[in-house]
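J.: Okay, here's the structure, questions in a sec.
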Amino acid sequence: YVPPPRKLSTGVSFGAEHFAETSYYFEGGLRKVRPYYFDFRTYCKGRWVGRSLLHVFGTEFRAQPLDFYRAAARAGRLRLNEEPVRDLHVVLKNNDFLRNTVHRHEPPVTAQPLRILAEDEEVVVVDKPSSLPVHPCGRFRHNTVIFILGKEHGLTELHTLHRLDRMTSGVLMFAKTAAVSKRIDEQVRERQLEKEYVCRVVGEFPEHEVVCEEPVLVVSYKVGVCRVDPRGKPCKTIFQRLSYNGKTSVVKCLPRTGRTHQIRVHLQYLGHPIVNDPIYNMEAWGPDRGKGGKIGKTDEELLKALVEEHRSKQSLEILGISEEDLNSGGENKDCGDSGDCTKNVKDPERNDIAACPPNSDINQETLEKDKELGSCGNQDGQTGQKGWEEKDPLCVECRMSRQDPSPKELVMFLHALRYKGAGFEYCSDMPEWAMDDWEE
């Protein structure tokens with residue numbers, strides 16, 4: 001058997017029409033996106049054929065009450081094969097095309113600039129700030145590395161060579177052509193790449209070199225939680241202490257495999273979680289914070305405890321999830337495993353129709369109020385910046401008051417310091433929190 005040749009893709013393609021959807025503004029040390037109208041689009045899935053739209057919304061898209069979808073249809077927000085949906089009892093057929101227009105709000109990220117470390121005809125290398133996802137995913141679209149590079153630096157059709165978790169900062173590399181992407185992918189497969197991270201952890205880390213080879217298992221793709229488990233994938237991380245200030249240690253991390261949250265999970269297992277890790281240094285893991293793999297909870301109990309802990313602190317946004325995500329049910333195995341996603345990045349306009357505003361107590365009277373305003377925005381199927389000018393009567397987010405995270409809350413002390421391969425090496429500066437004279 002000879003496998004077919006790999007297709008050479010054109011990279012992640014977002015263009016001027018996408019960048020023009022809205023604009024950025026800066027406030028309180030945060031980069032914010034003005035709310036905007038956006039079309040979620042999908043073709044009819046096989047299991048929907050022969051079912052009514054009302055039945056599909058009621059069984060699969062339960063993040064919203066049916067009254068929400070009825071009001072959205074009346075306001076012209078739902079379209080089937082580009083015709084307004086007037087009756088949700090319409091039966092879906094194969095290849096039906098569904099469009100749902102929503103008023104979209106994105107979470108803020110740190111205002112720290114996205115710095116370009118190197119650029120030539122083959123690659124672009126950036127120093128990614130913490131809290132910024134690489135690709136559009138979940139509620140993030142414009143507040144992503146890909147969109148900022150396109151909107152502010154004119155860099156498009158890039159190929160992702162590796163990924164960083166949303167809360168991880170540091171060296172992030174993109175290829176400009178499919179040929180360069182393929183060449184570096186081969187280095188990855190042959191384990192010719194070296195990555196070096198630095199972090200600040202709880203307690204006095206051992207002075208000698210520590211090697212951790214515990215397997216890591218994904219507990220939840222949606223929330224993005226992993227743990228050490230014999231059923232997990234094989235992992236290896238080498239740790240070397242750089243300094244200790246009497247309370248916390250700065251540690252160099254050399255991952256020899258590339259599993260989700262590998263460094264963070266291994267540090268937690270060793271009893272030295274990252275100081276401000278919003279997942280692996282939480283009370284939900286028990287009195288020992290998961291040291292030695294001792295949790296004392298089932299996976300379901302652990303996830304519930306983690307969510308409740310963040311909910312009580314009003315910090316679900318730090319996890320990169322919302323009440324909507326928790327209410328939608330089911331695990332999304334394409335999205336959320338590291339607070340980032342590459343799902344559909346080659347075809348950015350084919351998105352899941354379910355991504356509506358978060359759930360809340362909505363009554364029919366509220367939704368019907370000011371129908372004329374509710375119908376504005378996307379009657380021509382285009383997204384538009386005008387979405388931020390006035391509150392949208394169908395948008396739950398417009399009626400919610402969210403407390404912004406502080407810039408400090410959006411920084412996790414894990415940084416990709418160096419990325420080295422055959423014929424190239426890129427480094428960033430040591431972060432401020434890793435300096436010897438840094439004070440907590």
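Identifiers in the structure tokens: chain A, B, ... in order shown; residue index from 1 per chain; ligand index from 1 in order shown.
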Which polymer residues have any atom within 10 Å of an atom of Asp229 in chain A, counting only C-alpha atoms, with same-chain residues fewer than 2 positions away left out, as number ranges by chain?
T.: A: 214-219, 226-227, 231-234, 293
J.: Any chance you can output those residues with C-alpha atoms as a JSON list (two decimals), in the first residue's frame?
T.:
```json
[["chain", "number", "residue", "atom", "x", "y", "z"],
["A", 214, "GLU", "CA", 4.61, 9.68, 34.03],
["A", 215, "PRO", "CA", 1.96, 9.08, 31.32],
["A", 216, "VAL", "CA", -0.61, 11.85, 30.88],
["A", 217, "LEU", "CA", -4.32, 11.27, 30.21],
["A", 218, "VAL", "CA", -6.86, 13.86, 29.02],
["A", 219, "VAL", "CA", -9.71, 14.04, 31.55],
["A", 226, "CYS", "CA", -5.34, 16.29, 32.18],
["A", 227, "ARG", "CA", -3.78, 14.11, 34.88],
["A", 231, "ARG", "CA", -3.74, 4.67, 30.67],
["A", 232, "GLY", "CA", -2.32, 7.97, 29.39],
["A", 233, "LYS", "CA", 0.17, 8.63, 26.62],
["A", 234, "PRO", "CA", 3.89, 8.22, 27.36],
["A", 293, "GLY", "CA", -1.28, 11.61, 41.51]]
```
J.: Identify, on the basis of only C-alpha atoms, every residue whose closest approach to Leu92 in chain A does not exceed 8 Å; exclude the query and any residue fewer than 3 positions from it along the same chain; express the result as a VMD selection string.
T.: chain A and resid 44 48 to 53 96
J.: Take CA of Arg79 in chain A and CA of Thr144 in chain A and report the distance between them in Å, one decimal.
T.: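 Between CA of Arg79 in chain A and CA of Thr144 in chain A the gap is 28.3 Å.
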J.: Which residues are close to range 425-428 of chain A, i.e. within 9 Å by only C-alpha atoms, leaving aside same-chain residues fewer than 6 positions away? Reply as an MDAnalysis selection string.
T.: chainID A and resid 117:118 125:127 170:171 173 416:419
J.: For the selection you just gave me, I'd like the residues written to a file as a PDB file, in the first residue's frame, keeping all heavy atoms.
T.:
```
ATOM      1  N   LEU A 117       9.656  38.325  16.697  1.00  0.00           N
ATOM      2  CA  LEU A 117      11.069  38.076  17.021  1.00  0.00           C
ATOM      3  C   LEU A 117      11.917  37.936  15.762  1.00  0.00           C
ATOM      4  O   LEU A 117      13.084  38.334  15.745  1.00  0.00           O
ATOM      5  CB  LEU A 117      11.206  36.806  17.860  1.00  0.00           C
ATOM      6  CG  LEU A 117      10.524  36.807  19.232  1.00  0.00           C
ATOM      7  CD1 LEU A 117      10.608  35.424  19.865  1.00  0.00           C
ATOM      8  CD2 LEU A 117      11.174  37.847  20.147  1.00  0.00           C
ATOM      9  N   ALA A 118      11.342  37.333  14.730  1.00  0.00           N
ATOM     10  CA  ALA A 118      12.089  37.124  13.486  1.00  0.00           C
ATOM     11  C   ALA A 118      11.104  36.927  12.345  1.00  0.00           C
ATOM     12  O   ALA A 118      10.009  36.403  12.537  1.00  0.00           O
ATOM     13  CB  ALA A 118      13.001  35.904  13.603  1.00  0.00           C
ATOM     14  N   VAL A 125       8.289  34.359  13.455  1.00  0.00           N
ATOM     15  CA  VAL A 125       8.424  33.904  14.841  1.00  0.00           C
ATOM     16  C   VAL A 125       7.984  35.043  15.750  1.00  0.00           C
ATOM     17  O   VAL A 125       8.457  36.174  15.613  1.00  0.00           O
ATOM     18  CB  VAL A 125       9.878  33.497  15.170  1.00  0.00           C
ATOM     19  CG1 VAL A 125       9.954  32.889  16.572  1.00  0.00           C
ATOM     20  CG2 VAL A 125      10.408  32.513  14.134  1.00  0.00           C
ATOM     21  N   VAL A 126       7.062  34.751  16.664  1.00  0.00           N
ATOM     22  CA  VAL A 126       6.538  35.793  17.549  1.00  0.00           C
ATOM     23  C   VAL A 126       6.758  35.405  19.011  1.00  0.00           C
ATOM     24  O   VAL A 126       6.979  34.239  19.346  1.00  0.00           O
ATOM     25  CB  VAL A 126       5.034  36.035  17.304  1.00  0.00           C
ATOM     26  CG1 VAL A 126       4.785  36.409  15.861  1.00  0.00           C
ATOM     27  CG2 VAL A 126       4.211  34.826  17.693  1.00  0.00           C
ATOM     28  N   ASP A 127       6.690  36.422  19.859  1.00  0.00           N
ATOM     29  CA  ASP A 127       6.706  36.229  21.307  1.00  0.00           C
ATOM     30  C   ASP A 127       5.266  36.402  21.775  1.00  0.00           C
ATOM     31  O   ASP A 127       4.763  37.515  21.878  1.00  0.00           O
ATOM     32  CB  ASP A 127       7.628  37.264  21.954  1.00  0.00           C
ATOM     33  CG  ASP A 127       7.897  36.968  23.421  1.00  0.00           C
ATOM     34  OD1 ASP A 127       7.306  36.006  23.954  1.00  0.00           O
ATOM     35  OD2 ASP A 127       8.705  37.692  24.040  1.00  0.00           O
ATOM     36  N   GLY A 170       5.450  33.053  25.078  1.00  0.00           N
ATOM     37  CA  GLY A 170       6.762  32.717  24.546  1.00  0.00           C
ATOM     38  C   GLY A 170       6.840  32.466  23.053  1.00  0.00           C
ATOM     39  O   GLY A 170       5.958  32.868  22.282  1.00  0.00           O
ATOM     40  N   VAL A 171       7.906  31.799  22.635  1.00  0.00           N
ATOM     41  CA  VAL A 171       8.260  31.629  21.233  1.00  0.00           C
ATOM     42  C   VAL A 171       7.228  30.769  20.505  1.00  0.00           C
ATOM     43  O   VAL A 171       6.953  29.633  20.894  1.00  0.00           O
ATOM     44  CB  VAL A 171       9.660  30.985  21.095  1.00  0.00           C
ATOM     45  CG1 VAL A 171       9.988  30.759  19.621  1.00  0.00           C
ATOM     46  CG2 VAL A 171      10.724  31.862  21.739  1.00  0.00           C
ATOM     47  N   MET A 173       6.147  29.780  16.420  1.00  0.00           N
ATOM     48  CA  MET A 173       6.720  29.802  15.079  1.00  0.00           C
ATOM     49  C   MET A 173       5.674  29.420  14.030  1.00  0.00           C
ATOM     50  O   MET A 173       4.908  28.481  14.206  1.00  0.00           O
ATOM     51  CB  MET A 173       7.894  28.809  15.054  1.00  0.00           C
ATOM     52  CG  MET A 173       8.767  28.856  13.842  1.00  0.00           C
ATOM     53  SD  MET A 173      10.185  27.752  14.103  1.00  0.00           S
ATOM     54  CE  MET A 173      10.935  27.807  12.484  1.00  0.00           C
ATOM     55  N   ALA A 416       7.655  29.788  26.922  1.00  0.00           N
ATOM     56  CA  ALA A 416       8.484  29.079  25.943  1.00  0.00           C
ATOM     57  C   ALA A 416       9.673  29.964  25.599  1.00  0.00           C
ATOM     58  O   ALA A 416       9.532  30.978  24.912  1.00  0.00           O
ATOM     59  CB  ALA A 416       7.664  28.757  24.701  1.00  0.00           C
ATOM     60  N   LEU A 417      10.827  29.579  26.096  1.00  0.00           N
ATOM     61  CA  LEU A 417      12.019  30.431  26.006  1.00  0.00           C
ATOM     62  C   LEU A 417      12.788  30.227  24.710  1.00  0.00           C
ATOM     63  O   LEU A 417      13.346  31.178  24.151  1.00  0.00           O
ATOM     64  CB  LEU A 417      12.925  30.149  27.197  1.00  0.00           C
ATOM     65  CG  LEU A 417      14.059  31.114  27.467  1.00  0.00           C
ATOM     66  CD1 LEU A 417      13.528  32.501  27.810  1.00  0.00           C
ATOM     67  CD2 LEU A 417      14.933  30.593  28.619  1.00  0.00           C
ATOM     68  N   ARG A 418      12.829  28.983  24.214  1.00  0.00           N
ATOM     69  CA  ARG A 418      13.700  28.689  23.067  1.00  0.00           C
ATOM     70  C   ARG A 418      13.069  27.589  22.209  1.00  0.00           C
ATOM     71  O   ARG A 418      12.443  26.659  22.725  1.00  0.00           O
ATOM     72  CB  ARG A 418      15.074  28.240  23.566  1.00  0.00           C
ATOM     73  CG  ARG A 418      16.129  28.053  22.480  1.00  0.00           C
ATOM     74  CD  ARG A 418      17.487  27.807  23.141  1.00  0.00           C
ATOM     75  NE  ARG A 418      17.496  26.539  23.858  1.00  0.00           N
ATOM     76  CZ  ARG A 418      17.981  25.396  23.356  1.00  0.00           C
ATOM     77  NH1 ARG A 418      18.493  25.383  22.143  1.00  0.00           N
ATOM     78  NH2 ARG A 418      17.970  24.297  24.063  1.00  0.00           N
ATOM     79  N   TYR A 419      13.265  27.704  20.893  1.00  0.00           N
ATOM     80  CA  TYR A 419      12.763  26.709  19.943  1.00  0.00           C
ATOM     81  C   TYR A 419      13.874  26.500  18.919  1.00  0.00           C
ATOM     82  O   TYR A 419      14.257  27.424  18.201  1.00  0.00           O
ATOM     83  CB  TYR A 419      11.493  27.249  19.282  1.00  0.00           C
ATOM     84  CG  TYR A 419      10.640  26.206  18.610  1.00  0.00           C
ATOM     85  CD1 TYR A 419       9.922  25.267  19.346  1.00  0.00           C
ATOM     86  CD2 TYR A 419      10.532  26.165  17.219  1.00  0.00           C
ATOM     87  CE1 TYR A 419       9.117  24.330  18.726  1.00  0.00           C
ATOM     88  CE2 TYR A 419       9.725  25.235  16.593  1.00  0.00           C
ATOM     89  CZ  TYR A 419       9.022  24.316  17.356  1.00  0.00           C
ATOM     90  OH  TYR A 419       8.231  23.381  16.736  1.00  0.00           O
TER      91      TYR A 419
END
```
J.: Go through A:Lys391, A:Lys297, A:Arg311, A:Arg399 one by one, measure the shortest atom-to-atom distance of each to Tyr37 in chain A using only C-alpha atoms, and give the residue with the smallest value.
T.: A:Lys391
J.: Taking into account only C-alpha atoms, which residue in the set A:Gly28, A:Gly271, A:Pro230, A:Gly423 is nearest to Lys408 in chain A?
T.: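 Distance minimum relative to Lys408 in chain A lands on A:Gly28.
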J.: Identify which of the residues A:Lys236, A:Arg191, A:His142, A:His266 lies closest to Ala422 in chain A, counting only C-alpha atoms when measuring atom-to-atom distances.
T.: A:Arg191
J.: Env of Gly246 in chain A: 12 Å cut, atoms = only C-alpha atoms, seq-sep filter 6 positions within chain, self excluded. Answer as a list in words.
T.: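 Once the adjacent positions are removed, what remains is Val201, Val202, Gly203, Glu204, Phe205, Asp436, Glu439 and Glu440 of chain A.
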J.: Limited to N, CA, C and O atoms, could you put the picked residues into a file as a PDB file, in the first residue's frame?
T.:
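Below is the file that was written, again-v2.pdb:
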```pdb
ATOM      1  N   VAL A 201       7.564  27.884  40.104  1.00  0.00           N
ATOM      2  CA  VAL A 201       6.747  26.872  40.767  1.00  0.00           C
ATOM      3  C   VAL A 201       6.717  27.081  42.273  1.00  0.00           C
ATOM      4  O   VAL A 201       7.554  27.792  42.844  1.00  0.00           O
ATOM      5  N   VAL A 202       5.761  26.439  42.908  1.00  0.00           N
ATOM      6  CA  VAL A 202       5.589  26.509  44.358  1.00  0.00           C
ATOM      7  C   VAL A 202       6.707  25.727  45.054  1.00  0.00           C
ATOM      8  O   VAL A 202       7.048  24.612  44.654  1.00  0.00           O
ATOM      9  N   GLY A 203       7.284  26.299  46.096  1.00  0.00           N
ATOM     10  CA  GLY A 203       8.215  25.577  46.961  1.00  0.00           C
ATOM     11  C   GLY A 203       9.648  25.511  46.449  1.00  0.00           C
ATOM     12  O   GLY A 203      10.012  26.126  45.446  1.00  0.00           O
ATOM     13  N   GLU A 204      10.444  24.742  47.169  1.00  0.00           N
ATOM     14  CA  GLU A 204      11.871  24.583  46.847  1.00  0.00           C
ATOM     15  C   GLU A 204      12.053  23.351  45.968  1.00  0.00           C
ATOM     16  O   GLU A 204      12.001  22.214  46.429  1.00  0.00           O
ATOM     17  N   PHE A 205      12.258  23.607  44.684  1.00  0.00           N
ATOM     18  CA  PHE A 205      12.456  22.507  43.736  1.00  0.00           C
ATOM     19  C   PHE A 205      13.845  21.908  43.965  1.00  0.00           C
ATOM     20  O   PHE A 205      14.788  22.617  44.301  1.00  0.00           O
ATOM     21  N   ASP A 436      15.962  36.885  38.947  1.00  0.00           N
ATOM     22  CA  ASP A 436      16.400  36.596  40.324  1.00  0.00           C
ATOM     23  C   ASP A 436      15.890  37.630  41.323  1.00  0.00           C
ATOM     24  O   ASP A 436      15.624  37.311  42.486  1.00  0.00           O
ATOM     25  N   GLU A 439      10.105  40.096  42.901  1.00  0.00           N
ATOM     26  CA  GLU A 439       9.454  39.938  44.202  1.00  0.00           C
ATOM     27  C   GLU A 439       7.982  39.600  44.010  1.00  0.00           C
ATOM     28  O   GLU A 439       7.303  40.189  43.172  1.00  0.00           O
ATOM     29  N   GLU A 440       7.500  38.668  44.824  1.00  0.00           N
ATOM     30  CA  GLU A 440       6.113  38.227  44.712  1.00  0.00           C
ATOM     31  C   GLU A 440       5.172  39.237  45.356  1.00  0.00           C
ATOM     32  O   GLU A 440       5.508  39.849  46.351  1.00  0.00           O
TER      33      GLU A 440
END
```
J.: Contacts of Met430 in chain A at 9 Å or less, counting only C-alpha atoms, minus same-chain residues fewer than 4 places along, as a list in words?
T.: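 Counting only the stated atoms, we get Val198, His415, Leu417, Ala434 and Met435 of chain A.
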J.: Using the chain letters and numbers from this document, which residues of range 101-306 of chain A does DSSP assign to strand (DSSP E or B), as a PyMOL selection string?
T.: chain A and resi 101-104+109-110+115-119+123-128+137+140+158-160+169-175+194-202+210-212+216-220+225-228+233+237-244+248-255+274
J.: Record the distance separating CA of Met282 in chain A and CA of Val307 in chain A, expressed in Å with one decimal.
T.: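 CA of Val307 in chain A lies 10.6 Å from CA of Met282 in chain A.
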J.: Please compute the CA of Ala111 in chain A-CA of Arg141 in chain A distance, one decimal, in Å.
T.: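 According to the coordinates, CA of Ala111 in chain A and CA of Arg141 in chain A are separated by 15.8 Å.
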J.: Counting only C-alpha atoms, what is within 12 Å of Asp185 in chain A, bar same-chain residues fewer than 5 positions away, as a ChimeraX atom specification?
T.: /A:159-162,174-175,178-180,190-193,421-422
J.: Would you please extract all alpha helix (DSSP H) residues from range 120-356 of chain A, as assigned by DSSP on the backbone, and give them as a PyMOL selection string?
T.: chain A and resi 145-153+178-189+262-269+299-312+316-319+323-327
J.: Restricting the calculation to only C-alpha atoms, which member of A:His55, A:Arg163, A:Leu88, A:Gln112 is positioned closest to Ala71 in chain A?
T.: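 Looking at the shortest contact to Ala71 in chain A, the residue is A:Leu88.
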J.: Out of A:Trp433, A:Trp285, A:Phe413, A:Phe19, which residue has the shortest atom-to-atom distance to Thr156 in chain A when counting only C-alpha atoms?
T.: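 Answer, going by the shortest atom-to-atom distance: A:Phe19.
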J.: Please determine, counting only C-alpha atoms, which residue among A:Gln64, A:Thr101, A:Gln262, A:Thr177 has the shortest atom-to-atom distance to Glu121 in chain A.
T.: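 That would be A:Thr177, the residue with the smallest distance to Glu121 in chain A.
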